[in-house]
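A.B. asks: The structure is given below, and queries will be raised subsequently.
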Amino acid sequence: MYKTVIARYNTVKEQLLEHPYRYKDEKGEWQSIPKTLEWLFKPVSFSRPQTDLVRNRDYSFVENGSLLSINTLGERIKCTYEREHFKEYFEKAYGICIFL
């Protein structure tokens, strides 16, 4: 999730830099001030919880697909899971079944 937050703020930051604040000074000359994230009236919001998981970094299938290895805050743990429940998902998402 942190990568999603960073990417969203970087996008907003770049958009703000593309449109600086412009004004005429006392001499009648145009001046511009680049906008930063401090110009935001409210913080960037996210409509629903989400996560970006990367296979073999955040999770992986181990021991011939019989266990799911998950990266947690403290350590990497291995869990059992019901392969049949996920079979339909992988077939629809990837057009293949990895549980052969």
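Chain labels run A, B, ... following the order of the structure tokens; each chain numbers its residues from 1, and ligands are numbered from 1 in the order shown.
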Identify, on the basis of only C-alpha atoms, every residue whose closest approach to region 58-71 of chain A does not exceed 7 Å; exclude the query and any residue fewer than 6 positions from it along the same chain; express the result as a PDB file with N, CA, C and O atoms, in the first residue's frame.

C.D. replies:
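part15.pdb, freshly written:
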ATOM      1  N   ILE A  77       5.761 -16.137   7.309  1.00  0.00           N
ATOM      2  CA  ILE A  77       5.072 -17.299   7.862  1.00  0.00           C
ATOM      3  C   ILE A  77       4.549 -18.174   6.730  1.00  0.00           C
ATOM      4  O   ILE A  77       4.311 -17.706   5.624  1.00  0.00           O
ATOM      5  N   LYS A  78       4.369 -19.453   7.037  1.00  0.00           N
ATOM      6  CA  LYS A  78       3.823 -20.405   6.065  1.00  0.00           C
ATOM      7  C   LYS A  78       2.475 -20.894   6.568  1.00  0.00           C
ATOM      8  O   LYS A  78       2.347 -21.297   7.718  1.00  0.00           O
ATOM      9  N   CYS A  79       1.489 -20.831   5.694  1.00  0.00           N
ATOM     10  CA  CYS A  79       0.118 -21.201   6.056  1.00  0.00           C
ATOM     11  C   CYS A  79      -0.406 -22.250   5.089  1.00  0.00           C
ATOM     12  O   CYS A  79      -0.060 -22.250   3.911  1.00  0.00           O
ATOM     13  N   THR A  80      -1.277 -23.095   5.596  1.00  0.00           N
ATOM     14  CA  THR A  80      -1.996 -23.995   4.702  1.00  0.00           C
ATOM     15  C   THR A  80      -3.232 -23.272   4.203  1.00  0.00           C
ATOM     16  O   THR A  80      -3.707 -22.321   4.834  1.00  0.00           O
ATOM     17  N   TYR A  81      -3.745 -23.697   3.090  1.00  0.00           N
ATOM     18  CA  TYR A  81      -4.955 -23.090   2.533  1.00  0.00           C
ATOM     19  C   TYR A  81      -5.662 -24.125   1.675  1.00  0.00           C
ATOM     20  O   TYR A  81      -5.077 -25.131   1.280  1.00  0.00           O
ATOM     21  N   PHE A  99      -2.465 -25.281  -9.995  1.00  0.00           N
ATOM     22  CA  PHE A  99      -2.569 -26.318  -8.971  1.00  0.00           C
ATOM     23  C   PHE A  99      -2.686 -27.701  -9.591  1.00  0.00           C
ATOM     24  O   PHE A  99      -3.572 -28.452  -9.277  1.00  0.00           O
TER      25      PHE A  99
END

A.B. asks: Could you check how far CA of Gln15 (chain A) sits from CA of Arg48 (chain A), in Å to one decimal?

C.D. replies: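 Computed distance, CA of Gln15 (chain A) to CA of Arg48 (chain A), equals 22.9 Å.
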
A.B. asks: Find the residue from A:Val12, A:Lys3, A:Thr51, A:Thr72 that sits nearest to Lys35 (chain A); use only C-alpha atoms when measuring.

C.D. replies: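 Ranking A:Val12, A:Lys3, A:Thr51, A:Thr72 by distance to Lys35 (chain A), first place goes to A:Val12.
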
A.B. asks: Extract, using only C-alpha atoms, all DNA, RNA and protein residues at most 12 Å from Leu17 (chain A), discarding same-chain residues fewer than 5 positions from it, and format them as a PDB file with all heavy atoms, in the first residue's frame.

C.D. replies:
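After the write, selection_17.pdb holds the following:
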ATOM      1  N   ASN A  10       3.291  11.599  -5.511  1.00  0.00           N
ATOM      2  CA  ASN A  10       4.228  12.046  -6.542  1.00  0.00           C
ATOM      3  C   ASN A  10       3.486  12.588  -7.759  1.00  0.00           C
ATOM      4  O   ASN A  10       3.911  13.574  -8.366  1.00  0.00           O
ATOM      5  CB  ASN A  10       5.164  10.918  -6.956  1.00  0.00           C
ATOM      6  CG  ASN A  10       6.254  10.674  -5.940  1.00  0.00           C
ATOM      7  OD1 ASN A  10       6.552  11.547  -5.122  1.00  0.00           O
ATOM      8  ND2 ASN A  10       6.844   9.494  -5.978  1.00  0.00           N
ATOM      9  N   THR A  11       2.380  11.958  -8.113  1.00  0.00           N
ATOM     10  CA  THR A  11       1.573  12.435  -9.240  1.00  0.00           C
ATOM     11  C   THR A  11       0.998  13.806  -8.941  1.00  0.00           C
ATOM     12  O   THR A  11       1.067  14.728  -9.771  1.00  0.00           O
ATOM     13  CB  THR A  11       0.441  11.442  -9.542  1.00  0.00           C
ATOM     14  OG1 THR A  11       1.013  10.177  -9.871  1.00  0.00           O
ATOM     15  CG2 THR A  11      -0.420  11.932 -10.690  1.00  0.00           C
ATOM     16  N   VAL A  12       0.430  13.973  -7.746  1.00  0.00           N
ATOM     17  CA  VAL A  12      -0.146  15.266  -7.357  1.00  0.00           C
ATOM     18  C   VAL A  12       0.942  16.335  -7.319  1.00  0.00           C
ATOM     19  O   VAL A  12       0.752  17.460  -7.786  1.00  0.00           O
ATOM     20  CB  VAL A  12      -0.866  15.165  -5.997  1.00  0.00           C
ATOM     21  CG1 VAL A  12      -1.266  16.524  -5.477  1.00  0.00           C
ATOM     22  CG2 VAL A  12      -2.076  14.259  -6.114  1.00  0.00           C
ATOM     23  N   ARG A  22       0.578  32.150 -10.436  1.00  0.00           N
ATOM     24  CA  ARG A  22       1.060  33.324 -11.174  1.00  0.00           C
ATOM     25  C   ARG A  22       0.325  34.570 -10.683  1.00  0.00           C
ATOM     26  O   ARG A  22      -0.861  34.531 -10.404  1.00  0.00           O
ATOM     27  CB  ARG A  22       0.832  33.145 -12.671  1.00  0.00           C
ATOM     28  CG  ARG A  22       1.578  31.958 -13.245  1.00  0.00           C
ATOM     29  CD  ARG A  22       1.351  31.841 -14.749  1.00  0.00           C
ATOM     30  NE  ARG A  22       1.817  30.577 -15.273  1.00  0.00           N
ATOM     31  CZ  ARG A  22       3.061  30.344 -15.654  1.00  0.00           C
ATOM     32  NH1 ARG A  22       3.955  31.283 -15.566  1.00  0.00           N
ATOM     33  NH2 ARG A  22       3.415  29.176 -16.125  1.00  0.00           N
ATOM     34  N   SER A  32       5.857  33.998 -10.977  1.00  0.00           N
ATOM     35  CA  SER A  32       5.283  32.665 -10.716  1.00  0.00           C
ATOM     36  C   SER A  32       5.989  32.026  -9.534  1.00  0.00           C
ATOM     37  O   SER A  32       7.191  32.176  -9.340  1.00  0.00           O
ATOM     38  CB  SER A  32       5.395  31.777 -11.951  1.00  0.00           C
ATOM     39  OG  SER A  32       6.733  31.498 -12.252  1.00  0.00           O
ATOM     40  N   ILE A  33       5.205  31.329  -8.758  1.00  0.00           N
ATOM     41  CA  ILE A  33       5.712  30.602  -7.596  1.00  0.00           C
ATOM     42  C   ILE A  33       5.338  29.134  -7.796  1.00  0.00           C
ATOM     43  O   ILE A  33       4.162  28.818  -7.984  1.00  0.00           O
ATOM     44  CB  ILE A  33       5.072  31.119  -6.285  1.00  0.00           C
ATOM     45  CG1 ILE A  33       5.398  32.594  -6.081  1.00  0.00           C
ATOM     46  CG2 ILE A  33       5.528  30.274  -5.107  1.00  0.00           C
ATOM     47  CD1 ILE A  33       4.669  33.206  -4.894  1.00  0.00           C
ATOM     48  N   PRO A  34       6.330  28.235  -7.778  1.00  0.00           N
ATOM     49  CA  PRO A  34       5.981  26.812  -7.944  1.00  0.00           C
ATOM     50  C   PRO A  34       5.179  26.315  -6.748  1.00  0.00           C
ATOM     51  O   PRO A  34       5.452  26.662  -5.597  1.00  0.00           O
ATOM     52  CB  PRO A  34       7.330  26.110  -8.035  1.00  0.00           C
ATOM     53  CG  PRO A  34       8.332  27.077  -7.513  1.00  0.00           C
ATOM     54  CD  PRO A  34       7.758  28.445  -7.644  1.00  0.00           C
ATOM     55  N   LYS A  35       4.155  25.530  -7.035  1.00  0.00           N
ATOM     56  CA  LYS A  35       3.321  24.962  -5.971  1.00  0.00           C
ATOM     57  C   LYS A  35       3.952  23.682  -5.448  1.00  0.00           C
ATOM     58  O   LYS A  35       4.533  22.912  -6.196  1.00  0.00           O
ATOM     59  CB  LYS A  35       1.919  24.661  -6.499  1.00  0.00           C
ATOM     60  CG  LYS A  35       1.130  25.883  -6.890  1.00  0.00           C
ATOM     61  CD  LYS A  35      -0.231  25.465  -7.384  1.00  0.00           C
ATOM     62  CE  LYS A  35      -1.035  26.640  -7.888  1.00  0.00           C
ATOM     63  NZ  LYS A  35      -2.335  26.211  -8.427  1.00  0.00           N
ATOM     64  N   THR A  36       3.823  23.464  -4.157  1.00  0.00           N
ATOM     65  CA  THR A  36       4.279  22.232  -3.510  1.00  0.00           C
ATOM     66  C   THR A  36       3.073  21.552  -2.883  1.00  0.00           C
ATOM     67  O   THR A  36       1.948  22.047  -2.964  1.00  0.00           O
ATOM     68  CB  THR A  36       5.330  22.533  -2.427  1.00  0.00           C
ATOM     69  OG1 THR A  36       4.710  23.340  -1.417  1.00  0.00           O
ATOM     70  CG2 THR A  36       6.534  23.258  -3.002  1.00  0.00           C
ATOM     71  N   LEU A  37       3.301  20.441  -2.222  1.00  0.00           N
ATOM     72  CA  LEU A  37       2.202  19.728  -1.564  1.00  0.00           C
ATOM     73  C   LEU A  37       1.573  20.551  -0.448  1.00  0.00           C
ATOM     74  O   LEU A  37       0.439  20.296  -0.047  1.00  0.00           O
ATOM     75  CB  LEU A  37       2.696  18.385  -1.016  1.00  0.00           C
ATOM     76  CG  LEU A  37       3.062  17.338  -2.065  1.00  0.00           C
ATOM     77  CD1 LEU A  37       3.683  16.116  -1.405  1.00  0.00           C
ATOM     78  CD2 LEU A  37       1.853  16.951  -2.885  1.00  0.00           C
ATOM     79  N   GLU A  38       2.273  21.550   0.041  1.00  0.00           N
ATOM     80  CA  GLU A  38       1.720  22.419   1.085  1.00  0.00           C
ATOM     81  C   GLU A  38       0.567  23.267   0.562  1.00  0.00           C
ATOM     82  O   GLU A  38      -0.191  23.834   1.343  1.00  0.00           O
ATOM     83  CB  GLU A  38       2.827  23.305   1.661  1.00  0.00           C
ATOM     84  CG  GLU A  38       3.894  22.486   2.372  1.00  0.00           C
ATOM     85  CD  GLU A  38       5.159  23.279   2.618  1.00  0.00           C
ATOM     86  OE1 GLU A  38       5.294  24.400   2.110  1.00  0.00           O
ATOM     87  OE2 GLU A  38       6.029  22.749   3.325  1.00  0.00           O
ATOM     88  N   TRP A  39       0.393  23.361  -0.755  1.00  0.00           N
ATOM     89  CA  TRP A  39      -0.694  24.126  -1.342  1.00  0.00           C
ATOM     90  C   TRP A  39      -2.016  23.361  -1.309  1.00  0.00           C
ATOM     91  O   TRP A  39      -3.069  23.927  -1.589  1.00  0.00           O
ATOM     92  CB  TRP A  39      -0.359  24.489  -2.793  1.00  0.00           C
ATOM     93  CG  TRP A  39       0.605  25.614  -2.909  1.00  0.00           C
ATOM     94  CD1 TRP A  39       1.946  25.591  -2.668  1.00  0.00           C
ATOM     95  CD2 TRP A  39       0.302  26.950  -3.288  1.00  0.00           C
ATOM     96  NE1 TRP A  39       2.501  26.819  -2.876  1.00  0.00           N
ATOM     97  CE2 TRP A  39       1.516  27.687  -3.270  1.00  0.00           C
ATOM     98  CE3 TRP A  39      -0.866  27.609  -3.654  1.00  0.00           C
ATOM     99  CZ2 TRP A  39       1.580  29.031  -3.589  1.00  0.00           C
ATOM    100  CZ3 TRP A  39      -0.785  28.943  -3.987  1.00  0.00           C
ATOM    101  CH2 TRP A  39       0.420  29.649  -3.948  1.00  0.00           C
TER     102      TRP A  39
END

A.B. asks: So which residues of region 4-98 of chain A fall under alpha helix (DSSP H) by DSSP, listed as a ChimeraX atom specification?

C.D. replies: /A:4-18,83-94

A.B. asks: Keeping only N, CA, C and O atoms, write the selected residues to a file as a tab-separated table (two decimals), in the first residue's frame.

C.D. replies:
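Below is the file again18.tsv, written as the result:
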chain	number	residue	atom	x	y	z
A	4	THR	N	1.55	2.64	-3.34
A	4	THR	CA	0.39	3.32	-3.94
A	4	THR	C	0.28	4.74	-3.41
A	4	THR	O	0.03	5.68	-4.17
A	5	VAL	N	0.48	4.92	-2.12
A	5	VAL	CA	0.40	6.25	-1.51
A	5	VAL	C	1.51	7.15	-2.06
A	5	VAL	O	1.26	8.30	-2.44
A	6	ILE	N	2.71	6.62	-2.12
A	6	ILE	CA	3.84	7.40	-2.65
A	6	ILE	C	3.59	7.80	-4.09
A	6	ILE	O	3.80	8.95	-4.49
A	7	ALA	N	3.11	6.86	-4.90
A	7	ALA	CA	2.85	7.15	-6.30
A	7	ALA	C	1.78	8.22	-6.45
A	7	ALA	O	1.89	9.12	-7.30
A	8	ARG	N	0.73	8.16	-5.63
A	8	ARG	CA	-0.35	9.16	-5.73
A	8	ARG	C	0.17	10.55	-5.36
A	8	ARG	O	-0.11	11.53	-6.05
A	9	TYR	N	0.93	10.66	-4.29
A	9	TYR	CA	1.48	11.96	-3.90
A	9	TYR	C	2.49	12.48	-4.92
A	9	TYR	O	2.53	13.69	-5.17
A	10	ASN	N	3.29	11.60	-5.51
A	10	ASN	CA	4.23	12.05	-6.54
A	10	ASN	C	3.49	12.59	-7.76
A	10	ASN	O	3.91	13.57	-8.37
A	11	THR	N	2.38	11.96	-8.11
A	11	THR	CA	1.57	12.44	-9.24
A	11	THR	C	1.00	13.81	-8.94
A	11	THR	O	1.07	14.73	-9.77
A	12	VAL	N	0.43	13.97	-7.75
A	12	VAL	CA	-0.15	15.27	-7.36
A	12	VAL	C	0.94	16.33	-7.32
A	12	VAL	O	0.75	17.46	-7.79
A	13	LYS	N	2.10	15.98	-6.80
A	13	LYS	CA	3.22	16.93	-6.72
A	13	LYS	C	3.63	17.40	-8.11
A	13	LYS	O	3.85	18.60	-8.34
A	14	GLU	N	3.73	16.46	-9.05
A	14	GLU	CA	4.11	16.83	-10.41
A	14	GLU	C	3.04	17.70	-11.07
A	14	GLU	O	3.36	18.66	-11.78
A	15	GLN	N	1.77	17.41	-10.82
A	15	GLN	CA	0.69	18.23	-11.38
A	15	GLN	C	0.73	19.64	-10.82
A	15	GLN	O	0.48	20.61	-11.54
A	16	LEU	N	1.03	19.78	-9.55
A	16	LEU	CA	1.13	21.10	-8.94
A	16	LEU	C	2.29	21.90	-9.54
A	16	LEU	O	2.18	23.10	-9.76
A	17	LEU	N	3.41	21.23	-9.79
A	17	LEU	CA	4.57	21.91	-10.37
A	17	LEU	C	4.29	22.37	-11.80
A	17	LEU	O	4.85	23.37	-12.24
A	18	GLU	N	3.44	21.64	-12.50
A	18	GLU	CA	3.11	22.01	-13.88
A	18	GLU	C	2.25	23.27	-13.95
A	18	GLU	O	2.20	23.91	-14.99
A	83	ARG	N	-6.77	-25.25	-1.58
A	83	ARG	CA	-6.45	-24.95	-2.97
A	83	ARG	C	-7.69	-24.92	-3.85
A	83	ARG	O	-7.75	-24.14	-4.79
A	84	GLU	N	-8.66	-25.74	-3.58
A	84	GLU	CA	-9.85	-25.81	-4.43
A	84	GLU	C	-10.62	-24.49	-4.43
A	84	GLU	O	-11.22	-24.13	-5.41
A	85	HIS	N	-10.60	-23.74	-3.33
A	85	HIS	CA	-11.30	-22.46	-3.26
A	85	HIS	C	-10.68	-21.42	-4.19
A	85	HIS	O	-11.37	-20.54	-4.68
A	86	PHE	N	-9.40	-21.51	-4.44
A	86	PHE	CA	-8.69	-20.53	-5.27
A	86	PHE	C	-8.52	-20.98	-6.72
A	86	PHE	O	-8.13	-20.19	-7.56
A	87	LYS	N	-8.81	-22.24	-7.00
A	87	LYS	CA	-8.61	-22.78	-8.34
A	87	LYS	C	-9.39	-21.98	-9.39
A	87	LYS	O	-8.85	-21.60	-10.42
A	88	GLU	N	-10.64	-21.70	-9.11
A	88	GLU	CA	-11.48	-20.96	-10.06
A	88	GLU	C	-10.93	-19.55	-10.30
A	88	GLU	O	-10.93	-19.05	-11.42
A	89	TYR	N	-10.46	-18.91	-9.25
A	89	TYR	CA	-9.90	-17.56	-9.39
A	89	TYR	C	-8.71	-17.55	-10.34
A	89	TYR	O	-8.61	-16.73	-11.24
A	90	PHE	N	-7.77	-18.47	-10.14
A	90	PHE	CA	-6.58	-18.48	-10.97
A	90	PHE	C	-6.90	-18.86	-12.41
A	90	PHE	O	-6.28	-18.37	-13.34
A	91	GLU	N	-7.87	-19.73	-12.60
A	91	GLU	CA	-8.26	-20.09	-13.97
A	91	GLU	C	-8.86	-18.89	-14.69
A	91	GLU	O	-8.57	-18.63	-15.85
A	92	LYS	N	-9.70	-18.10	-14.01
A	92	LYS	CA	-10.31	-16.92	-14.63
A	92	LYS	C	-9.29	-15.81	-14.84
A	92	LYS	O	-9.28	-15.15	-15.86
A	93	ALA	N	-8.45	-15.59	-13.86
A	93	ALA	CA	-7.51	-14.47	-13.92
A	93	ALA	C	-6.39	-14.71	-14.92
A	93	ALA	O	-5.98	-13.80	-15.62
A	94	TYR	N	-5.88	-15.91	-14.97
A	94	TYR	CA	-4.69	-16.17	-15.78
A	94	TYR	C	-4.93	-17.13	-16.94
A	94	TYR	O	-4.04	-17.35	-17.74

A.B. asks: Can you pull out the residues contacting Gln50 (chain A)? Cut-off 10 Å, using only C-alpha atoms, and skip same-chain residues under 3 positions away; I want them as a list in words.

C.D. replies: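 The filter keeps Met1, Thr4, Phe46, Ser47 and Leu53 of chain A.
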
A.B. asks: DSSP says strand (DSSP E) for which residues of region 41-86 of chain A? Put them as number ranges by chain?

C.D. replies: A: 59-62, 67-71, 76-80

A.B. asks: Export, as a CSV table (one decimal), in the first residue's frame, the selected residues with N, CA, C and O atoms.

C.D. replies:
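The new file out28.csv reads:
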chain,number,residue,atom,x,y,z
A,59,TYR,N,4.3,-12.6,-1.1
A,59,TYR,CA,3.7,-14.0,-0.9
A,59,TYR,C,4.3,-14.9,-1.9
A,59,TYR,O,4.9,-14.4,-3.0
A,60,SER,N,4.3,-16.2,-1.7
A,60,SER,CA,4.7,-17.2,-2.6
A,60,SER,C,4.1,-18.5,-2.3
A,60,SER,O,3.7,-18.7,-1.1
A,61,PHE,N,4.1,-19.4,-3.3
A,61,PHE,CA,3.6,-20.7,-3.0
A,61,PHE,C,4.8,-21.6,-2.9
A,61,PHE,O,5.7,-21.6,-3.7
A,62,VAL,N,4.9,-22.4,-1.8
A,62,VAL,CA,6.0,-23.2,-1.5
A,62,VAL,C,5.6,-24.7,-1.3
A,62,VAL,O,4.4,-25.0,-1.2
A,67,LEU,N,1.7,-25.0,0.4
A,67,LEU,CA,1.7,-24.0,1.5
A,67,LEU,C,1.8,-22.6,0.8
A,67,LEU,O,2.3,-22.4,-0.3
A,68,LEU,N,1.3,-21.6,1.5
A,68,LEU,CA,1.4,-20.2,1.1
A,68,LEU,C,2.3,-19.5,2.1
A,68,LEU,O,2.1,-19.5,3.3
A,69,SER,N,3.4,-19.0,1.6
A,69,SER,CA,4.3,-18.2,2.4
A,69,SER,C,4.0,-16.7,2.3
A,69,SER,O,4.0,-16.2,1.2
A,70,ILE,N,3.8,-16.1,3.4
A,70,ILE,CA,3.3,-14.7,3.5
A,70,ILE,C,4.3,-13.9,4.3
A,70,ILE,O,4.7,-14.3,5.4
A,71,ASN,N,4.7,-12.7,3.7
A,71,ASN,CA,5.6,-11.8,4.4
A,71,ASN,C,4.7,-10.9,5.4
A,71,ASN,O,3.8,-10.3,5.0
A,76,ARG,N,8.4,-14.0,8.0
A,76,ARG,CA,7.7,-14.7,6.9
A,76,ARG,C,7.1,-15.9,7.5
A,76,ARG,O,7.8,-16.7,8.2
A,77,ILE,N,5.8,-16.1,7.3
A,77,ILE,CA,5.1,-17.3,7.9
A,77,ILE,C,4.5,-18.2,6.7
A,77,ILE,O,4.3,-17.7,5.6
A,78,LYS,N,4.4,-19.5,7.0
A,78,LYS,CA,3.8,-20.4,6.1
A,78,LYS,C,2.5,-20.9,6.6
A,78,LYS,O,2.3,-21.3,7.7
A,79,CYS,N,1.5,-20.8,5.7
A,79,CYS,CA,0.1,-21.2,6.1
A,79,CYS,C,-0.4,-22.3,5.1
A,79,CYS,O,-0.1,-22.3,3.9
A,80,THR,N,-1.3,-23.1,5.6
A,80,THR,CA,-2.0,-24.0,4.7
A,80,THR,C,-3.2,-23.3,4.2
A,80,THR,O,-3.7,-22.3,4.8

A.B. asks: Have a look at CA of Glu26 (chain A) and CA of Phe41 (chain A) and let me know their distance in Å, one decimal.

C.D. replies: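 For CA of Glu26 (chain A) relative to CA of Phe41 (chain A), the distance reads 27.3 Å.
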
A.B. asks: One decimal, Å: what's the distance from CA of Ser45 (chain A) over to CA of Tyr21 (chain A), could you say?

C.D. replies: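 Distance reported for this atom pair: 23.2 Å.
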